[in-house]
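Taking it in order: structure first as structure tokens, then the write-up.
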Amino acid sequence: MYKLELNKLIQTIKQQEAKQVLIQLPDGMKHKADQVADAIEEETSAKAFIWLGSCYGACDLPLGMDILNIDLVVQWGHNKFNKEEW
Amino acid sequence: MPRLLLIDAKWEGEIKLTPKLKSHLKKTKPKSIDLFASVQFADITNFLKELKKLNIKVNMTKAKRTDKPLQILGCDCYPDSFKDELDSDMILYLGDGMFHPKALILAVDKPITIFDPISDHVKVVSRNDMEKEFMIKKRNLKKYLDAERIGILVTIKPGQQYFIAAKKLKEQLEQKGKKAYIFIDDTLNPSHYENYPFIQCWVNTACPRIGTDDIVNIQQAMINLRDALDPIKAFENLE
């Protein structure tokens, strides 16, 4: 029902020569995680990993990924936002 | 730090002015509309052309935090979240679910018309649909003003992290003779709050929807950072 844009994803992984990619999907799209992971591992040489937890917005990115040597985080369902300053 | 790719996940269908929505507009006769959508439903070129045919002026008021006109985020839930006043005859939201329409309900005391392009369903919602949230919000504000020991919640998620503001609030509260403690976590989990029974009111500095939607599910009083900084204005927004 919602576009996964797998072509854009594969192209970005190849262009950036990403080796380890984290997939972060909102709840309504989490059931498609296997489809995305399979596409990454079949069409590129990168390994795909799936974020188990929340995906409430671009403000809700997984932390600590550098420790795991994840070099690309891909989040669906949200776009760039301007953080309010206090 | 890993690089980041954001994918909009647009809806695969086409947003159309369906007979059901057209009939609703003919019945309610708005001359102008403040139009909003979530990013999945923000491609509306044909929809706009069809609205024009009905002689309806469309305002695509930009929410300050978003990158594009029309789009709304869940955190755009305060009256000043938008660049312009929402003063059209109708506020129309395109999309599914209630998360984004609830942001509009919280921001303005006006009816919000929702058109779900997937189910072709039209409905009108208002503050009556969030009566419980508003009642508890008001109660929590009173509890905050009376509280002597306050817990300030800070997330380490960069997009929602307001550590400096939390420290400023702690200073302000302590100048008023109150005790304030800052608690840090990654994801704010309500089940952890009960481990600190000495806290009389929590102040959430992360996503503002935690202090509006989630408060109906927890026993402890909680308000948002901006309401803690200006509780009088927060009361005014609720009236």
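We label chains A, B, ... in the order they appear in the structure tokens, count residues from 1 in each chain, and number ligands from 1 in the order shown.
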Based on only C-alpha atoms, which of the residues in chain B come within 6 Å of chain A? I want them as a tab-separated table (two decimals) with C-alpha atoms, in the first residue's frame.
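iface.tsv, freshly written:
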chain	number	residue	atom	x	y	z
B	1	MET	CA	28.17	8.02	12.75
B	2	PRO	CA	26.22	6.07	10.11
B	3	ARG	CA	24.76	7.94	7.17
B	4	LEU	CA	21.00	8.33	6.96
B	5	LEU	CA	18.50	7.74	4.16
B	6	LEU	CA	14.88	8.83	4.71
B	7	ILE	CA	12.24	7.29	2.43
B	8	ASP	CA	8.80	8.99	2.39
B	9	ALA	CA	6.87	5.74	1.79
B	10	LYS	CA	4.23	7.49	-0.32
B	11	TRP	CA	0.81	5.94	-0.62
B	12	GLU	CA	0.58	3.98	-3.86
B	65	ARG	CA	9.19	21.99	11.90
B	66	THR	CA	8.38	20.41	8.54
B	67	ASP	CA	10.45	20.66	5.42
B	159	GLY	CA	16.02	14.59	17.56
B	160	GLN	CA	14.18	14.83	20.87
B	165	ALA	CA	16.55	23.13	28.50
Compile the contact shell of Pro117 of chain B as a list of chain:residue names: residues with an atom at most 7 Å away, counting only C-alpha atoms, same-chain residues fewer than 5 positions apart removed.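 Neighbouring residues, sequence-local ones excluded: B:Ile15, B:Leu94, B:Gly95.
DSSP on the backbone gives alpha helix (DSSP H) for these parts of chain A: Leu6, Asn7, Lys8, Leu9, Ile10, Gln11, Thr12, Ile13, Lys14, Gln15, Gln16, Ala33, Asp34, Gln35, Val36, Ala37, Asp38, Ala39, Ile40, Glu41, Glu42 and Glu43 of chain A.
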Pull C-alpha atoms from the residues just selected and write them as a PDB file, in the first residue's frame.
ATOM      1  CA  LEU A   6      13.577  -0.398  -3.175  1.00  0.00           C
ATOM      2  CA  ASN A   7      15.302   0.892  -6.330  1.00  0.00           C
ATOM      3  CA  LYS A   8      16.290   4.108  -4.554  1.00  0.00           C
ATOM      4  CA  LEU A   9      17.485   2.067  -1.570  1.00  0.00           C
ATOM      5  CA  ILE A  10      19.614  -0.319  -3.628  1.00  0.00           C
ATOM      6  CA  GLN A  11      21.062   2.542  -5.657  1.00  0.00           C
ATOM      7  CA  THR A  12      22.020   4.449  -2.475  1.00  0.00           C
ATOM      8  CA  ILE A  13      23.646   1.374  -0.899  1.00  0.00           C
ATOM      9  CA  LYS A  14      25.713   0.792  -4.051  1.00  0.00           C
ATOM     10  CA  GLN A  15      26.656   4.464  -4.456  1.00  0.00           C
ATOM     11  CA  GLN A  16      27.707   4.781  -0.825  1.00  0.00           C
ATOM     12  CA  ALA A  33      11.079  -5.909   6.815  1.00  0.00           C
ATOM     13  CA  ASP A  34      11.902  -9.352   5.367  1.00  0.00           C
ATOM     14  CA  GLN A  35      11.156  -8.093   1.856  1.00  0.00           C
ATOM     15  CA  VAL A  36      13.521  -5.138   2.319  1.00  0.00           C
ATOM     16  CA  ALA A  37      16.280  -7.203   3.966  1.00  0.00           C
ATOM     17  CA  ASP A  38      16.086  -9.868   1.233  1.00  0.00           C
ATOM     18  CA  ALA A  39      16.302  -7.202  -1.490  1.00  0.00           C
ATOM     19  CA  ILE A  40      19.405  -5.663   0.118  1.00  0.00           C
ATOM     20  CA  GLU A  41      21.209  -8.980   0.534  1.00  0.00           C
ATOM     21  CA  GLU A  42      20.228 -10.300  -2.892  1.00  0.00           C
ATOM     22  CA  GLU A  43      20.971  -7.157  -4.888  1.00  0.00           C
TER      23      GLU A  43
END
Mind pulling up the distance from atom CA of Asn224 of chain B to atom CA of Cys77 of chain B?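 Taking atom CA of Cys77 of chain B and atom CA of Asn224 of chain B, their separation equals 11.5 Å.
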Residues within 9 Å of Arg226 of chain B, only C-alpha atoms, excluding chain neighbours under 6 positions, as an MDAnalysis selection string: (chainID A and resid 86) or (chainID B and resid 205 208 234)
Write the selection just made, keeping N, CA and C atoms, as a PDB file, in the first residue's frame?
ATOM      1  N   TRP A  86      15.356  25.203  22.243  1.00  0.00           N
ATOM      2  CA  TRP A  86      14.915  25.750  23.534  1.00  0.00           C
ATOM      3  C   TRP A  86      16.102  26.282  24.298  1.00  0.00           C
TER       4      TRP A  86
ATOM      5  N   THR B 205      10.606  16.252  28.425  1.00  0.00           N
ATOM      6  CA  THR B 205      11.271  17.185  27.492  1.00  0.00           C
ATOM      7  C   THR B 205      11.416  16.557  26.098  1.00  0.00           C
ATOM      8  N   PRO B 208       6.545  15.931  22.397  1.00  0.00           N
ATOM      9  CA  PRO B 208       5.440  16.523  23.166  1.00  0.00           C
ATOM     10  C   PRO B 208       4.182  15.662  23.209  1.00  0.00           C
ATOM     11  N   ALA B 234      -0.108  27.624  29.103  1.00  0.00           N
ATOM     12  CA  ALA B 234      -0.616  26.255  28.902  1.00  0.00           C
ATOM     13  C   ALA B 234      -2.074  26.166  29.327  1.00  0.00           C
TER      14      ALA B 234
END
Using DSSP on the backbone, list every residue of segment 97-158 of chain B that comes out as strand (DSSP E or B), and give them as a list in words.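 DSSP on the backbone gives strand (DSSP E or B) at Ile112, Thr113, Ile114, Phe115, Asp116, His121, Val122, Lys123, Val124, Val125, Arg149, Ile150, Gly151, Ile152, Leu153, Val154 and Thr155 of chain B.
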Residues within 10 Å of segment 143-153 of chain B, only C-alpha atoms, excluding chain neighbours under 6 positions, as a PyMOL selection string: chain B and resi 137+161-163+166-167+169-170+173-174+176-185+188+193+196+198-206+220-225+227-228+231
Would you save the residues from that selection as a PDB file, in the first residue's frame, using C-alpha atoms?
ATOM      1  CA  LYS B 137      -3.695  17.786  31.006  1.00  0.00           C
ATOM      2  CA  GLN B 161      17.013  15.648  23.257  1.00  0.00           C
ATOM      3  CA  TYR B 162      16.636  18.848  25.286  1.00  0.00           C
ATOM      4  CA  PHE B 163      19.268  18.392  28.000  1.00  0.00           C
ATOM      5  CA  ALA B 166      16.076  20.501  31.223  1.00  0.00           C
ATOM      6  CA  LYS B 167      19.004  21.922  33.196  1.00  0.00           C
ATOM      7  CA  LEU B 169      14.200  24.283  34.055  1.00  0.00           C
ATOM      8  CA  LYS B 170      15.825  22.566  37.057  1.00  0.00           C
ATOM      9  CA  LEU B 173      12.413  25.357  39.797  1.00  0.00           C
ATOM     10  CA  GLU B 174      15.139  25.372  42.435  1.00  0.00           C
ATOM     11  CA  LYS B 176      11.406  28.812  43.441  1.00  0.00           C
ATOM     12  CA  GLY B 177      12.395  26.548  46.339  1.00  0.00           C
ATOM     13  CA  LYS B 178      11.358  23.288  44.657  1.00  0.00           C
ATOM     14  CA  LYS B 179      13.452  20.148  44.252  1.00  0.00           C
ATOM     15  CA  ALA B 180      14.020  19.008  40.681  1.00  0.00           C
ATOM     16  CA  TYR B 181      15.775  15.829  39.516  1.00  0.00           C
ATOM     17  CA  ILE B 182      16.811  15.093  35.933  1.00  0.00           C
ATOM     18  CA  PHE B 183      16.295  11.505  34.710  1.00  0.00           C
ATOM     19  CA  ILE B 184      18.017  10.317  31.513  1.00  0.00           C
ATOM     20  CA  ASP B 185      17.043   7.387  29.283  1.00  0.00           C
ATOM     21  CA  LEU B 188      10.938   6.915  27.899  1.00  0.00           C
ATOM     22  CA  TYR B 193       8.181   6.134  36.501  1.00  0.00           C
ATOM     23  CA  TYR B 196      10.485   6.909  41.804  1.00  0.00           C
ATOM     24  CA  PHE B 198       9.070  10.676  45.554  1.00  0.00           C
ATOM     25  CA  ILE B 199       8.341  12.468  42.237  1.00  0.00           C
ATOM     26  CA  GLN B 200       5.050  14.364  42.437  1.00  0.00           C
ATOM     27  CA  CYS B 201       5.023  15.497  38.805  1.00  0.00           C
ATOM     28  CA  TRP B 202       7.105  14.599  35.749  1.00  0.00           C
ATOM     29  CA  VAL B 203       8.157  17.042  33.065  1.00  0.00           C
ATOM     30  CA  ASN B 204       8.674  15.430  29.653  1.00  0.00           C
ATOM     31  CA  THR B 205      11.271  17.185  27.492  1.00  0.00           C
ATOM     32  CA  ALA B 206      11.115  14.623  24.622  1.00  0.00           C
ATOM     33  CA  GLN B 220       1.604   9.793  37.603  1.00  0.00           C
ATOM     34  CA  ALA B 221       1.137  13.424  36.648  1.00  0.00           C
ATOM     35  CA  MET B 222       3.165  14.546  33.646  1.00  0.00           C
ATOM     36  CA  ILE B 223       3.360  17.743  31.609  1.00  0.00           C
ATOM     37  CA  ASN B 224       5.489  18.843  28.664  1.00  0.00           C
ATOM     38  CA  LEU B 225       8.560  21.071  28.875  1.00  0.00           C
ATOM     39  CA  ASP B 227       3.970  23.883  29.563  1.00  0.00           C
ATOM     40  CA  ALA B 228       6.359  23.708  32.514  1.00  0.00           C
ATOM     41  CA  PRO B 231       2.061  27.067  32.801  1.00  0.00           C
TER      42      PRO B 231
END
Within 10 Å of segment 22-29 of chain B, counting only C-alpha atoms, which residues qualify if same-chain residues fewer than 5 places away don't, as an NGL selection string? :B and (16-17 or 50-51 or 54 or 56 or 89-90 or 113 or 122-123)
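Distance-wise, atom CA of Pro19 of chain B and atom CA of His121 of chain B end up 10.8 Å apart.
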Residue nearest Pro69 of chain B among B:Ser38, B:Ser119, B:Asn46, B:Thr155 (counting only C-alpha atoms):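 Checking each candidate against Pro69 of chain B, we get B:Ser38 as the closest.
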